[in-house]
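One file, input_14.txt, carrying compact mmCIF, C-alpha atoms and all ligand atoms:
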```txt
# COMPACT_ATOMS: atom_id res chain seq x y z
CA MET G 1 -19.30 26.02 -4.54
CA THR G 2 -15.67 24.93 -5.27
CA ARG G 3 -15.11 21.40 -6.50
CA GLY G 4 -14.50 18.97 -3.67
CA VAL G 5 -13.22 15.42 -3.20
CA LEU G 6 -13.96 13.00 -0.37
CA LEU G 7 -10.90 11.26 1.08
CA PHE G 8 -11.52 7.94 2.85
CA GLY G 9 -9.22 8.01 5.89
CA ALA G 10 -5.80 9.62 6.04
CA GLU G 11 -3.69 6.85 7.55
CA SER G 12 -1.31 6.14 4.66
CA SER G 13 2.01 7.91 4.20
CA ALA G 14 0.57 9.20 0.90
CA ALA G 15 -2.60 10.78 2.31
CA GLU G 16 -1.13 14.20 2.98
CA ASP G 17 0.51 14.24 -0.48
CA VAL G 18 -2.93 13.59 -1.98
CA VAL G 19 -4.48 16.38 0.10
CA ASP G 20 -1.75 18.79 -1.04
CA ALA G 21 -2.14 17.76 -4.68
CA ALA G 22 -5.89 18.36 -4.57
CA ARG G 23 -5.48 21.80 -3.02
CA ASP G 24 -2.85 22.60 -5.63
CA LEU G 25 -5.48 21.84 -8.30
CA GLY G 26 -7.96 24.15 -6.58
CA VAL G 27 -10.00 21.19 -5.32
CA SER G 28 -11.13 21.23 -1.68
CA VAL G 29 -10.68 18.10 0.41
CA HIS G 30 -13.29 16.60 2.72
CA LEU G 31 -12.35 13.71 4.97
CA ALA G 32 -14.46 10.71 5.99
CA THR G 33 -13.32 9.21 9.29
CA HIS G 34 -14.32 8.33 12.87
CA PRO G 35 -14.43 11.08 15.54
CA GLU G 36 -11.84 9.42 17.79
CA VAL G 37 -9.51 8.88 14.82
CA TYR G 38 -9.95 12.51 13.72
CA ASP G 39 -8.85 13.66 17.19
CA ARG G 40 -5.45 12.06 16.61
CA TYR G 41 -4.76 13.73 13.25
CA THR G 42 -2.21 16.55 13.23
CA ASP G 43 -3.36 20.17 13.25
CA ALA G 44 -1.44 20.66 10.01
CA LEU G 45 -3.68 18.10 8.28
CA LYS G 46 -6.90 19.34 9.91
CA LYS G 47 -6.22 22.88 8.70
CA LYS G 48 -6.07 21.68 5.10
CA LEU G 49 -9.54 20.13 5.19
CA ALA G 50 -12.62 21.94 3.88
CA GLY G 51 -14.89 19.57 5.77
CA THR G 52 -15.05 16.35 7.77
CA VAL G 53 -17.81 13.77 7.83
CA PHE G 54 -17.99 11.32 10.71
CA THR G 55 -19.35 7.88 10.03
CA ASP G 56 -18.82 4.31 11.23
CA PHE G 57 -16.86 2.17 8.79
CA ARG G 58 -17.72 -0.94 10.84
CA SER G 59 -21.23 -0.69 9.34
CA PRO G 60 -20.31 -0.26 5.68
CA TRP G 61 -23.83 -0.08 4.24
CA THR G 62 -24.95 2.61 6.70
CA ALA G 63 -21.66 4.45 6.11
CA LEU G 64 -22.33 4.37 2.36
CA GLU G 65 -25.73 5.97 2.80
CA GLU G 66 -24.41 8.65 5.15
CA LEU G 67 -21.49 9.47 2.88
CA GLU G 68 -23.67 9.51 -0.22
CA LEU G 69 -25.88 12.13 1.42
CA TYR G 70 -22.84 14.18 2.48
CA CYS G 71 -21.37 14.09 -1.04
CA THR G 72 -24.57 15.17 -2.75
CA THR G 73 -24.99 18.12 -0.38
CA HIS G 74 -21.32 19.24 -0.47
CA GLY G 75 -20.53 19.29 -4.19
CA ILE G 76 -18.22 16.25 -4.05
CA CYS G 77 -17.05 15.29 -7.54
CA GLY G 78 -14.42 12.67 -6.76
CA VAL G 79 -13.64 9.95 -4.21
CA LEU G 80 -10.12 9.11 -3.00
CA VAL G 81 -8.57 6.49 -0.74
CA GLY G 82 -6.27 7.55 2.12
CA TRP G 83 -6.35 4.22 3.97
CA GLU G 84 -6.17 1.02 2.00
CA PHE G 85 -8.75 -0.89 4.07
CA LEU G 86 -11.36 1.62 2.88
CA SER G 87 -10.77 1.17 -0.86
CA PRO G 88 -13.77 -1.17 -1.47
CA LEU G 89 -16.13 1.29 0.20
CA ALA G 90 -14.66 4.21 -1.78
CA THR G 91 -15.20 2.29 -5.03
CA ARG G 92 -18.81 1.56 -4.07
CA LEU G 93 -19.51 5.17 -3.17
CA ALA G 94 -18.04 6.50 -6.43
CA SER G 95 -20.21 4.03 -8.33
CA ARG G 96 -23.38 5.05 -6.44
CA LEU G 97 -22.68 8.71 -7.13
CA GLY G 98 -21.84 8.08 -10.81
CA LEU G 99 -18.30 9.44 -10.23
CA PRO G 100 -15.09 8.08 -11.80
CA GLY G 101 -13.84 4.95 -10.04
CA HIS G 102 -13.45 1.22 -10.52
CA ASP G 103 -15.83 -1.67 -11.18
CA ALA G 104 -18.00 -1.78 -8.05
CA ASP G 105 -18.85 -5.46 -8.58
CA ARG G 106 -15.17 -6.28 -8.09
CA ALA G 107 -14.56 -3.69 -5.35
CA ASP G 108 -13.58 -6.24 -2.68
CA ALA G 109 -11.01 -7.93 -4.88
CA VAL G 110 -8.57 -5.01 -4.81
CA ARG G 111 -8.28 -5.49 -1.04
CA ASN G 112 -9.27 -9.06 -0.18
CA LYS G 113 -6.54 -11.39 -1.44
CA ARG G 114 -8.89 -14.37 -1.58
CA ASP G 115 -11.24 -12.57 -3.99
CA MET G 116 -8.19 -11.30 -5.87
CA ALA G 117 -6.83 -14.84 -6.26
CA ASP G 118 -10.23 -16.00 -7.56
CA LEU G 119 -10.27 -13.31 -10.26
CA PHE G 120 -6.62 -13.95 -11.14
CA GLY G 121 -7.51 -17.63 -11.55
CA LYS G 122 -10.61 -16.84 -13.63
CA TYR G 123 -8.70 -14.55 -16.02
CA ALA G 124 -5.42 -16.55 -16.00
CA VAL G 125 -3.38 -13.67 -14.56
CA PRO G 126 0.15 -14.90 -13.69
CA SER G 127 0.11 -15.22 -9.88
CA PRO G 128 1.04 -17.84 -7.25
CA TRP G 129 -0.87 -21.07 -6.82
CA CYS G 130 -3.17 -20.36 -3.89
CA ILE G 131 -5.70 -22.06 -1.66
CA ALA G 132 -8.02 -20.39 0.84
CA ALA G 133 -8.78 -22.17 4.11
CA THR G 134 -10.91 -21.30 7.10
CA SER G 135 -9.56 -24.15 9.25
CA LEU G 136 -6.19 -25.80 9.75
CA ASP G 137 -7.58 -29.14 8.57
CA ALA G 138 -8.82 -27.57 5.35
CA ALA G 139 -5.38 -26.01 4.79
CA VAL G 140 -3.64 -29.39 5.29
CA ALA G 141 -6.09 -31.06 2.91
CA GLY G 142 -5.62 -28.30 0.31
CA ILE G 143 -1.84 -28.51 0.45
CA SER G 144 -1.90 -32.32 0.10
CA ALA G 145 -4.32 -32.17 -2.83
CA GLY G 146 -2.35 -29.38 -4.55
CA ARG G 147 0.96 -31.28 -4.32
CA ILE G 148 2.87 -27.99 -4.25
CA ALA G 149 6.45 -28.13 -2.99
CA PHE G 150 7.55 -26.26 0.13
CA PRO G 151 8.37 -23.51 0.98
CA LEU G 152 4.84 -22.11 1.10
CA VAL G 153 3.57 -18.67 2.11
CA VAL G 154 0.82 -18.49 4.74
CA LYS G 155 -0.99 -15.15 5.07
CA PRO G 156 -4.25 -13.50 6.07
CA ALA G 157 -6.72 -12.77 3.26
CA GLU G 158 -7.26 -9.22 4.34
CA ASN G 159 -4.50 -7.62 6.33
CA ALA G 160 -1.67 -5.25 5.33
CA GLY G 161 1.85 -4.27 6.29
CA SER G 162 2.95 -7.93 6.08
CA VAL G 163 1.15 -8.62 9.37
CA GLY G 164 0.70 -12.38 9.79
CA VAL G 165 2.64 -13.28 6.62
CA ALA G 166 5.03 -16.26 7.06
CA VAL G 167 7.05 -18.70 4.99
CA ILE G 168 6.91 -22.32 6.06
CA ASP G 169 9.29 -25.12 5.06
CA SER G 170 7.18 -28.06 6.20
CA LEU G 171 3.70 -29.07 7.37
CA ASP G 172 5.01 -29.02 10.96
CA GLU G 173 5.24 -25.22 10.78
CA LEU G 174 1.70 -24.81 9.45
CA PRO G 175 -0.29 -24.75 12.76
CA GLU G 176 1.74 -21.87 14.20
CA ALA G 177 1.72 -19.90 10.92
CA PHE G 178 -2.02 -20.51 10.50
CA LYS G 179 -2.71 -19.25 14.00
CA ARG G 180 -0.61 -16.14 13.44
CA ALA G 181 -2.37 -15.40 10.14
CA GLN G 182 -5.72 -15.52 11.95
CA ARG G 183 -4.62 -13.48 14.95
CA TRP G 184 -5.95 -10.10 13.78
CA SER G 185 -9.72 -10.20 13.49
CA HIS G 186 -10.12 -6.40 13.21
CA GLU G 187 -8.24 -3.67 11.47
CA PHE G 188 -6.78 -0.68 13.34
CA PRO G 189 -7.72 2.21 13.74
CA TYR G 190 -11.33 1.86 12.52
CA GLY G 191 -12.07 -1.58 13.99
CA ILE G 192 -13.35 -2.95 10.68
CA ALA G 193 -13.94 -6.73 10.86
CA LEU G 194 -11.41 -8.59 8.70
CA ASP G 195 -11.91 -11.77 6.72
CA THR G 196 -9.93 -14.28 8.79
CA THR G 197 -9.62 -16.75 5.92
CA VAL G 198 -6.01 -17.90 5.57
CA LEU G 199 -4.31 -18.19 2.21
CA VAL G 200 -1.61 -20.73 1.50
CA GLN G 201 0.44 -19.85 -1.56
CA GLU G 202 3.30 -21.15 -3.57
CA TYR G 203 6.48 -19.23 -2.66
CA LEU G 204 7.56 -17.05 -5.59
CA ASP G 205 11.30 -16.81 -5.99
CA GLY G 206 12.95 -13.77 -7.57
CA PRO G 207 13.45 -10.03 -7.19
CA GLU G 208 10.43 -7.97 -6.15
CA PHE G 209 9.08 -4.83 -7.80
CA SER G 210 6.09 -2.57 -7.43
CA ILE G 211 4.41 -0.66 -10.21
CA GLU G 212 2.64 2.68 -9.90
CA THR G 213 -0.19 3.14 -12.37
CA VAL G 214 -2.62 5.97 -13.04
CA ALA G 215 -5.80 4.62 -14.63
CA PHE G 216 -8.05 6.91 -16.62
CA GLU G 217 -11.18 5.70 -18.38
CA GLY G 218 -9.83 2.15 -18.28
CA ALA G 219 -6.45 2.97 -19.90
CA PHE G 220 -3.26 2.54 -17.89
CA ASP G 221 -0.32 4.90 -17.57
CA HIS G 222 2.55 3.32 -15.64
CA LEU G 223 4.59 5.97 -13.86
CA ALA G 224 7.35 3.75 -12.56
CA ILE G 225 8.62 0.27 -11.87
CA THR G 226 10.14 0.44 -8.41
CA GLN G 227 12.68 -2.01 -7.04
CA LYS G 228 12.02 -3.19 -3.50
CA PHE G 229 14.90 -3.88 -1.12
CA THR G 230 14.43 -6.17 1.86
CA THR G 231 16.20 -7.66 4.87
CA GLY G 232 16.62 -11.10 3.29
CA GLY G 233 15.30 -14.47 4.48
CA GLY G 234 11.90 -15.97 3.60
CA ILE G 235 9.40 -13.16 4.23
CA CYS G 236 11.51 -10.12 4.47
CA GLU G 237 10.95 -6.66 5.80
CA GLU G 238 11.24 -3.68 3.46
CA THR G 239 14.44 -1.68 3.78
CA GLY G 240 13.74 0.68 0.90
CA HIS G 241 12.75 1.34 -2.71
CA THR G 242 14.50 2.71 -5.78
CA VAL G 243 13.06 4.27 -8.95
CA PRO G 244 13.64 3.30 -11.68
CA ALA G 245 14.26 -0.42 -11.14
CA GLN G 246 17.32 -1.62 -13.03
CA LEU G 247 15.65 -3.69 -15.76
CA ASP G 248 16.14 -4.05 -19.51
CA SER G 249 13.31 -3.03 -21.79
CA ALA G 250 12.17 -6.63 -22.49
CA ALA G 251 11.83 -7.23 -18.74
CA GLN G 252 9.94 -3.94 -18.32
CA THR G 253 7.55 -4.86 -21.12
CA SER G 254 6.82 -8.30 -19.67
CA ILE G 255 6.23 -6.83 -16.19
CA LEU G 256 3.84 -4.15 -17.48
CA ASP G 257 1.99 -6.71 -19.58
CA VAL G 258 1.31 -8.83 -16.49
CA VAL G 259 0.34 -5.72 -14.48
CA GLU G 260 -2.24 -4.77 -17.12
CA GLN G 261 -3.68 -8.27 -17.07
CA GLY G 262 -4.06 -7.97 -13.30
CA LEU G 263 -5.60 -4.50 -13.35
CA THR G 264 -8.04 -5.49 -16.07
CA ALA G 265 -9.10 -8.62 -14.16
CA LEU G 266 -9.78 -6.51 -11.05
CA GLY G 267 -11.82 -3.86 -12.87
CA VAL G 268 -9.41 -0.97 -12.19
CA ARG G 269 -10.61 2.00 -14.28
CA ASN G 270 -10.09 5.49 -12.81
CA GLY G 271 -7.62 6.25 -10.04
CA VAL G 272 -4.29 4.77 -9.02
CA ALA G 273 -3.07 1.23 -8.53
CA HIS G 274 -0.08 -0.14 -6.66
CA THR G 275 0.91 -3.60 -7.92
CA GLU G 276 3.42 -5.83 -6.13
CA LEU G 277 5.09 -8.46 -8.25
CA LYS G 278 8.03 -10.86 -8.34
CA VAL G 279 10.01 -11.76 -11.44
CA THR G 280 10.33 -15.53 -11.14
CA PRO G 281 12.31 -17.84 -13.47
CA ALA G 282 8.92 -18.48 -15.18
CA GLY G 283 8.27 -14.74 -15.64
CA PRO G 284 6.56 -11.95 -13.67
CA ARG G 285 3.79 -12.99 -11.27
CA ILE G 286 1.59 -10.69 -9.22
CA ILE G 287 1.58 -10.86 -5.42
CA GLU G 288 -1.12 -8.24 -4.93
CA VAL G 289 -2.79 -5.13 -6.34
CA GLY G 290 -4.18 -2.25 -4.32
CA ALA G 291 -6.47 0.41 -5.85
CA ARG G 292 -4.89 3.09 -3.70
CA PRO G 293 -1.70 5.10 -3.40
CA PRO G 294 1.43 3.16 -2.40
CA GLY G 295 2.84 3.08 1.12
CA GLY G 296 6.44 3.68 2.05
CA HIS G 297 6.53 7.19 0.52
CA ILE G 298 6.93 5.63 -2.92
CA MET G 299 4.97 8.51 -4.50
CA LYS G 300 7.64 10.94 -3.31
CA VAL G 301 10.41 8.74 -4.70
CA VAL G 302 8.64 8.49 -8.07
CA GLU G 303 8.24 12.26 -8.19
CA HIS G 304 11.90 12.90 -7.35
CA ALA G 305 12.97 10.51 -10.13
CA THR G 306 10.50 11.47 -12.88
CA GLY G 307 8.96 14.82 -11.94
CA VAL G 308 5.49 13.23 -12.13
CA SER G 309 3.17 13.57 -9.15
CA GLU G 310 1.12 10.39 -8.77
CA ALA G 311 -0.96 12.24 -6.18
CA ARG G 312 -1.92 14.90 -8.73
CA GLY G 313 -2.72 12.26 -11.35
CA TYR G 314 -4.86 10.44 -8.78
CA VAL G 315 -6.94 13.53 -7.99
CA GLN G 316 -7.30 14.34 -11.68
CA ALA G 317 -8.45 10.81 -12.60
CA ALA G 318 -10.87 10.80 -9.65
CA ILE G 319 -12.60 13.98 -10.82
CA GLY G 320 -12.64 13.02 -14.48
CA LEU G 321 -9.74 15.16 -15.73
CA ARG G 322 -7.06 13.63 -17.95
CA PRO G 323 -4.06 13.08 -15.59
CA ASP G 324 -0.72 14.85 -16.15
CA THR G 325 1.60 11.85 -16.39
CA ARG G 326 4.30 12.96 -18.84
CA PRO G 327 7.76 12.47 -17.25
CA LEU G 328 9.70 15.71 -16.80
CA ARG G 329 13.09 14.09 -16.22
CA THR G 330 14.91 10.76 -16.35
CA GLY G 331 16.72 10.74 -13.04
CA ALA G 332 16.70 8.28 -10.17
CA ALA G 333 15.68 8.42 -6.53
CA ALA G 334 15.76 6.07 -3.58
CA ILE G 335 14.26 5.82 -0.12
CA ARG G 336 15.85 3.84 2.68
CA PHE G 337 14.17 3.31 6.03
CA ILE G 338 15.99 3.93 9.28
CA SER G 339 15.01 0.93 11.40
CA THR G 340 16.00 -0.85 14.57
CA ALA G 341 15.52 -4.38 15.87
CA LYS G 342 15.93 -3.15 19.45
CA HIS G 343 13.18 -2.20 21.87
CA GLY G 344 13.46 0.79 24.21
CA VAL G 345 12.85 4.51 24.68
CA PHE G 346 13.87 6.73 21.75
CA ASN G 347 16.52 9.37 22.44
CA GLY G 348 17.21 10.55 18.90
CA LEU G 349 19.14 9.80 15.72
CA SER G 350 22.87 10.39 15.48
CA GLY G 351 25.08 10.62 12.41
CA ALA G 352 22.31 12.26 10.36
CA HIS G 353 24.22 15.00 8.53
CA PRO G 354 23.17 16.92 5.42
CA VAL G 355 24.85 15.43 2.34
CA ARG G 356 24.57 16.49 -1.32
CA GLY G 357 21.83 14.44 -3.00
CA VAL G 358 19.80 13.88 0.19
CA VAL G 359 16.40 15.50 -0.38
CA ALA G 360 14.65 14.33 2.80
CA LEU G 361 15.67 12.97 6.17
CA GLN G 362 12.76 12.35 8.48
CA SER G 363 12.35 10.86 11.93
CA TYR G 364 8.94 9.39 12.79
CA ALA G 365 9.74 9.12 16.49
CA ALA G 366 10.01 11.85 19.11
CA PRO G 367 12.32 11.63 22.14
CA GLY G 368 10.59 9.63 24.84
CA ASP G 369 8.59 7.42 22.41
CA ARG G 370 8.60 3.71 23.16
CA ILE G 371 10.05 1.73 20.24
CA GLY G 372 9.38 -1.94 19.41
CA ASN G 373 6.33 -4.21 19.11
CA ASP G 374 5.64 -7.92 18.96
CA TYR G 375 4.53 -8.20 15.32
CA GLU G 376 7.58 -6.80 13.51
CA ARG G 377 11.25 -7.67 13.84
CA PHE G 378 12.27 -4.13 12.95
CA THR G 379 10.62 -0.83 13.85
CA ARG G 380 10.84 1.99 11.32
CA ILE G 381 12.13 5.15 12.96
CA GLY G 382 12.43 7.32 9.88
CA HIS G 383 13.69 7.53 6.31
CA VAL G 384 16.18 9.10 3.97
CA ILE G 385 15.31 10.02 0.36
CA VAL G 386 18.07 10.75 -2.14
CA ARG G 387 18.17 11.89 -5.75
CA ALA G 388 20.88 10.94 -8.23
CA SER G 389 21.37 10.62 -11.96
CA SER G 390 21.27 6.80 -11.98
CA SER G 391 19.70 4.08 -9.85
CA ALA G 392 23.13 2.63 -9.02
CA GLU G 393 24.26 6.01 -7.65
CA ALA G 394 21.01 6.51 -5.76
CA ASN G 395 21.34 3.06 -4.15
CA GLN G 396 24.93 3.69 -3.11
CA LEU G 397 24.22 7.12 -1.67
CA ALA G 398 21.07 6.06 0.19
CA ASP G 399 22.74 2.96 1.65
CA ASP G 400 25.80 4.98 2.74
CA VAL G 401 23.71 7.67 4.43
CA VAL G 402 21.59 5.15 6.34
CA ALA G 403 24.65 3.13 7.36
CA GLY G 404 26.04 6.27 9.01
CA ILE G 405 22.90 6.88 11.10
CA SER G 406 22.36 5.22 14.45
CA VAL G 407 19.20 5.05 16.52
CA ASP G 408 19.79 5.96 20.15
CA LEU G 409 17.58 3.97 22.51
CA GLU G 410 17.54 3.57 26.26
CA ASN G 411 16.14 0.48 27.95
N1 LIG G 501 3.48 -15.97 -2.66
C1 LIG G 501 4.54 -15.28 -2.27
N2 LIG G 501 5.79 -15.64 -2.67
C2 LIG G 501 6.89 -14.97 -2.26
N3 LIG G 501 6.86 -13.91 -1.45
C3 LIG G 501 5.65 -13.49 -1.03
C4 LIG G 501 4.44 -14.13 -1.41
N4 LIG G 501 3.41 -13.50 -0.82
C5 LIG G 501 3.95 -12.50 -0.12
N5 LIG G 501 5.30 -12.48 -0.24
C6 LIG G 501 6.24 -11.52 0.38
O1 LIG G 501 5.65 -10.98 1.54
C7 LIG G 501 5.39 -9.57 1.36
C8 LIG G 501 4.08 -9.21 2.01
O2 LIG G 501 3.04 -9.97 1.42
P1 LIG G 501 1.68 -9.28 0.98
O3 LIG G 501 1.97 -8.13 0.11
O4 LIG G 501 0.78 -10.32 0.46
O5 LIG G 501 1.14 -8.80 2.40
P2 LIG G 501 0.71 -7.35 2.88
O6 LIG G 501 0.17 -7.53 4.24
O7 LIG G 501 -0.11 -6.70 1.83
O8 LIG G 501 2.10 -6.62 3.04
P3 LIG G 501 2.62 -5.23 2.51
O9 LIG G 501 1.65 -4.21 3.00
O10 LIG G 501 3.98 -5.19 3.16
O11 LIG G 501 2.68 -5.31 1.02
C9 LIG G 501 5.43 -9.36 -0.15
O12 LIG G 501 5.75 -8.03 -0.47
C10 LIG G 501 6.50 -10.36 -0.56
O13 LIG G 501 7.80 -9.85 -0.29
MG MG G 502 1.70 -6.29 -0.13
```
Here is a file; write its structure as structure tokens.
Amino acid sequence: MTRGVLLFGAESSAAEDVVDAARDLGVSVHLATHPEVYDRYTDALKKKLAGTVFTDFRSPWTALEELELYCTTHGICGVLVGWEFLSPLATRLASRLGLPGHDADRADAVRNKRDMADLFGKYAVPSPWCIAATSLDAAVAGISAGRIAFPLVVKPAENAGSVGVAVIDSLDELPEAFKRAQRWSHEFPYGIALDTTVLVQEYLDGPEFSIETVAFEGAFDHLAITQKFTTGGGICEETGHTVPAQLDSAAQTSILDVVEQGLTALGVRNGVAHTELKVTPAGPRIIEVGARPPGGHIMKVVEHATGVSEARGYVQAAIGLRPDTRPLRTGAAAIRFISTAKHGVFNGLSGAHPVRGVVALQSYAAPGDRIGNDYERFTRIGHVIVRASSSAEANQLADDVVAGISVDLEN
């Protein structure tokens, strides 16, 4: 029997990269999902799978038992996360099977921001002041007792994609923000019940970065510090990412030191971690950590810049092999999203011409698709990835290419 890994869901932009990396290593990929979700996967992805196991993630303990049985009868020697909401269950399964993974006792804390804040508090990890409230009255009382100055961030304990995250400048704005943070009681597409606790946090001021780490036997290898670009304003929407972030070595060291404090507090041991952090006037402070591959195609950007495949390192760490993390080059790469604030029917992209340095130009929408929703200001229609010899050049090129592209919509 060939070695196999079990992938929990394939909803992230990184999932197919992870599947390809596993196959490249001669490891077959089995997918855990729901039947109706499987039906919507592309044929290209389905063809790459050696097996599929259907379960019901809404009943996590039953799912664990079913998946444990599947793994023991199918030669599974590693567990991977393809959808961030499933990372606690993946950690628990790896632990049950005695496979490489993270600390199962802290499995929820790499997803649930309330548990994460508790561990950050316990281990004094630099992070925002935070209270958790299950009612508006409790939030008001917590803010008054904490005497923290506005602006404050209000967000759900357990969502993703910035859904329900808001910045408020006064107590008057709290009821609306609180309601919005509690609006999503279940995740999509699996229908997993979400913790509807609301967090109120101190607003961290400063540039934002994310850090890609491969963990192996509790030691951390940081592949990249990525600079995040946003639309501006309080809570901003991502416009792109650049690797490497333009930082001096003292700043890099202080960021990585804080990241390691966070990963250690959360029990991250074998796999990958995506840490989001802001460098405030008082130093780097962590916004969140996920024990899963990054979104936003960051893995591809890291690979274009450094030659290191985070996906490959992830599979290796998950099956107990020392990950290949040595950089092969010292270039730069950037991704910029093609987005629109308009709503309508997609006709196509115009102005998208091949240019030297552009390594990918992808549209997520097909002609006829309806664009626009009520929870985001901007809808992502596609992306451009560029490679260059420095971050400054990569930024310039990526921004120029995206500025020349327009999204054609009809009402
Ligand atoms: N305490 C904070 N101070 C300043 N900005 C914050 C804070 N919390 C969140 N943000 C901003 O809002 C963004 C989204 O917040 P967060 O990461 O907690 O939510 P999320 O749902 O996981 O979103 P995403 O999937 O986009 O990372 C952050 O990347 C950051 O830009
Ligand atoms: Mg986040």
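Taking atom CA of G:Glu16 and atom CA of G:Val79 as endpoints, the distance between them is 15.0 Å.
Atom CA of G:Ala181 sits 29.1 Å away from atom CA of G:Thr62.
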Of G:Val198, G:Val19, G:Leu25, G:Ala177, the one sitting nearest G:Gln316 when using all atoms listed in the file is G:Leu25
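Across the model, the gap from atom CA of G:Ala334 to atom CA of G:Gly290 is 21.6 Å.
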Fewer than 2 positions away in the same chain doesn't count, so skip those; otherwise give me all residues within 10 Å of G:Asp195, counting all atoms listed in the file, as a PyMOL selection string.
chain G and resi 112-114+134+156-159+182+184-186+192-193+197-198
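All residues of protein, DNA or RNA that reach within 9 Å of stretch 308-311 of chain G, judged by all atoms listed in the file and not counting those fewer than 4 positions away in the chain, are Ala14, Ala15, Asp17, Val18, Val19, Asp20, Ala21, Ala22, Glu212, Thr213, Val214, Leu223, Val272, Pro293, Met299, Lys300, Val302, Glu303, His304, Val315, Gln316, Pro323, Asp324, Thr325, Arg326, Pro327, Leu328 and Arg329 of chain G.
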Each chain G residue no farther than 10 Å from ligand MG 502 (chain G), nearest pair in Å, only C-alpha atoms and all ligand atoms, as a Markdown table:
```
| residue | atom | partner | partner_atom | distance |
| --- | --- | --- | --- | --- |
| G:Lys113 | CA | G:MG502 | MG | 9.8 |
| G:Asn159 | CA | G:MG502 | MG | 9.1 |
| G:Ala160 | CA | G:MG502 | MG | 6.5 |
| G:Gly161 | CA | G:MG502 | MG | 6.7 |
| G:Ser162 | CA | G:MG502 | MG | 6.5 |
| G:Val163 | CA | G:MG502 | MG | 9.8 |
| G:Val165 | CA | G:MG502 | MG | 9.8 |
| G:Ser210 | CA | G:MG502 | MG | 9.3 |
| G:His274 | CA | G:MG502 | MG | 9.1 |
| G:Thr275 | CA | G:MG502 | MG | 8.3 |
| G:Glu276 | CA | G:MG502 | MG | 6.3 |
| G:Leu277 | CA | G:MG502 | MG | 9.1 |
| G:Ile287 | CA | G:MG502 | MG | 7.0 |
| G:Glu288 | CA | G:MG502 | MG | 5.9 |
| G:Val289 | CA | G:MG502 | MG | 7.8 |
| G:Gly290 | CA | G:MG502 | MG | 8.3 |
| G:Pro294 | CA | G:MG502 | MG | 9.7 |
| G:Gly295 | CA | G:MG502 | MG | 9.5 |
```
Find, counting all atoms listed in the file, the residue in G:Ile131, G:Ala124, G:Val258, G:Ala341 that gets nearest to G:Glu237.
G:Ala341
I'd like the neighbourhood of G:Phe216 as a compact mmCIF listing (two decimals) with C-alpha atoms, in the coordinates of the input, where a residue qualifies if any of its atoms comes within 10 Å (using only C-alpha atoms), though same-chain residues fewer than 4 positions away should be ignored.
```
# COMPACT_ATOMS: atom_id res chain seq x y z
CA PRO G 100 -15.09 8.08 -11.80
CA GLY G 101 -13.84 4.95 -10.04
CA HIS G 102 -13.45 1.22 -10.52
CA PHE G 220 -3.26 2.54 -17.89
CA ASP G 221 -0.32 4.90 -17.57
CA VAL G 268 -9.41 -0.97 -12.19
CA ARG G 269 -10.61 2.00 -14.28
CA ASN G 270 -10.09 5.49 -12.81
CA GLY G 271 -7.62 6.25 -10.04
CA VAL G 272 -4.29 4.77 -9.02
CA GLY G 313 -2.72 12.26 -11.35
CA TYR G 314 -4.86 10.44 -8.78
CA GLN G 316 -7.30 14.34 -11.68
CA ALA G 317 -8.45 10.81 -12.60
CA ALA G 318 -10.87 10.80 -9.65
CA GLY G 320 -12.64 13.02 -14.48
CA LEU G 321 -9.74 15.16 -15.73
CA ARG G 322 -7.06 13.63 -17.95
CA PRO G 323 -4.06 13.08 -15.59
```
Spatial neighbours of stretch 139-143 of chain G, max dist 12 Å, all atoms listed in the file, sep filter under 6 positions, as a PyMOL selection string:
chain G and resi 129-133+149-155+170-175+177-179+197-202
Long-range neighbours of G:Gly75 as a PyMOL selection string, 10 Å cut-off, only C-alpha atoms, 6 positions minimum in chain
chain G and resi 1-6+28
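Residue nearest ligand LIG 501 (chain G), chosen from G:Thr280, G:Thr33, G:Ser254, G:Ser95 and counting all atoms listed in the file: G:Thr280.
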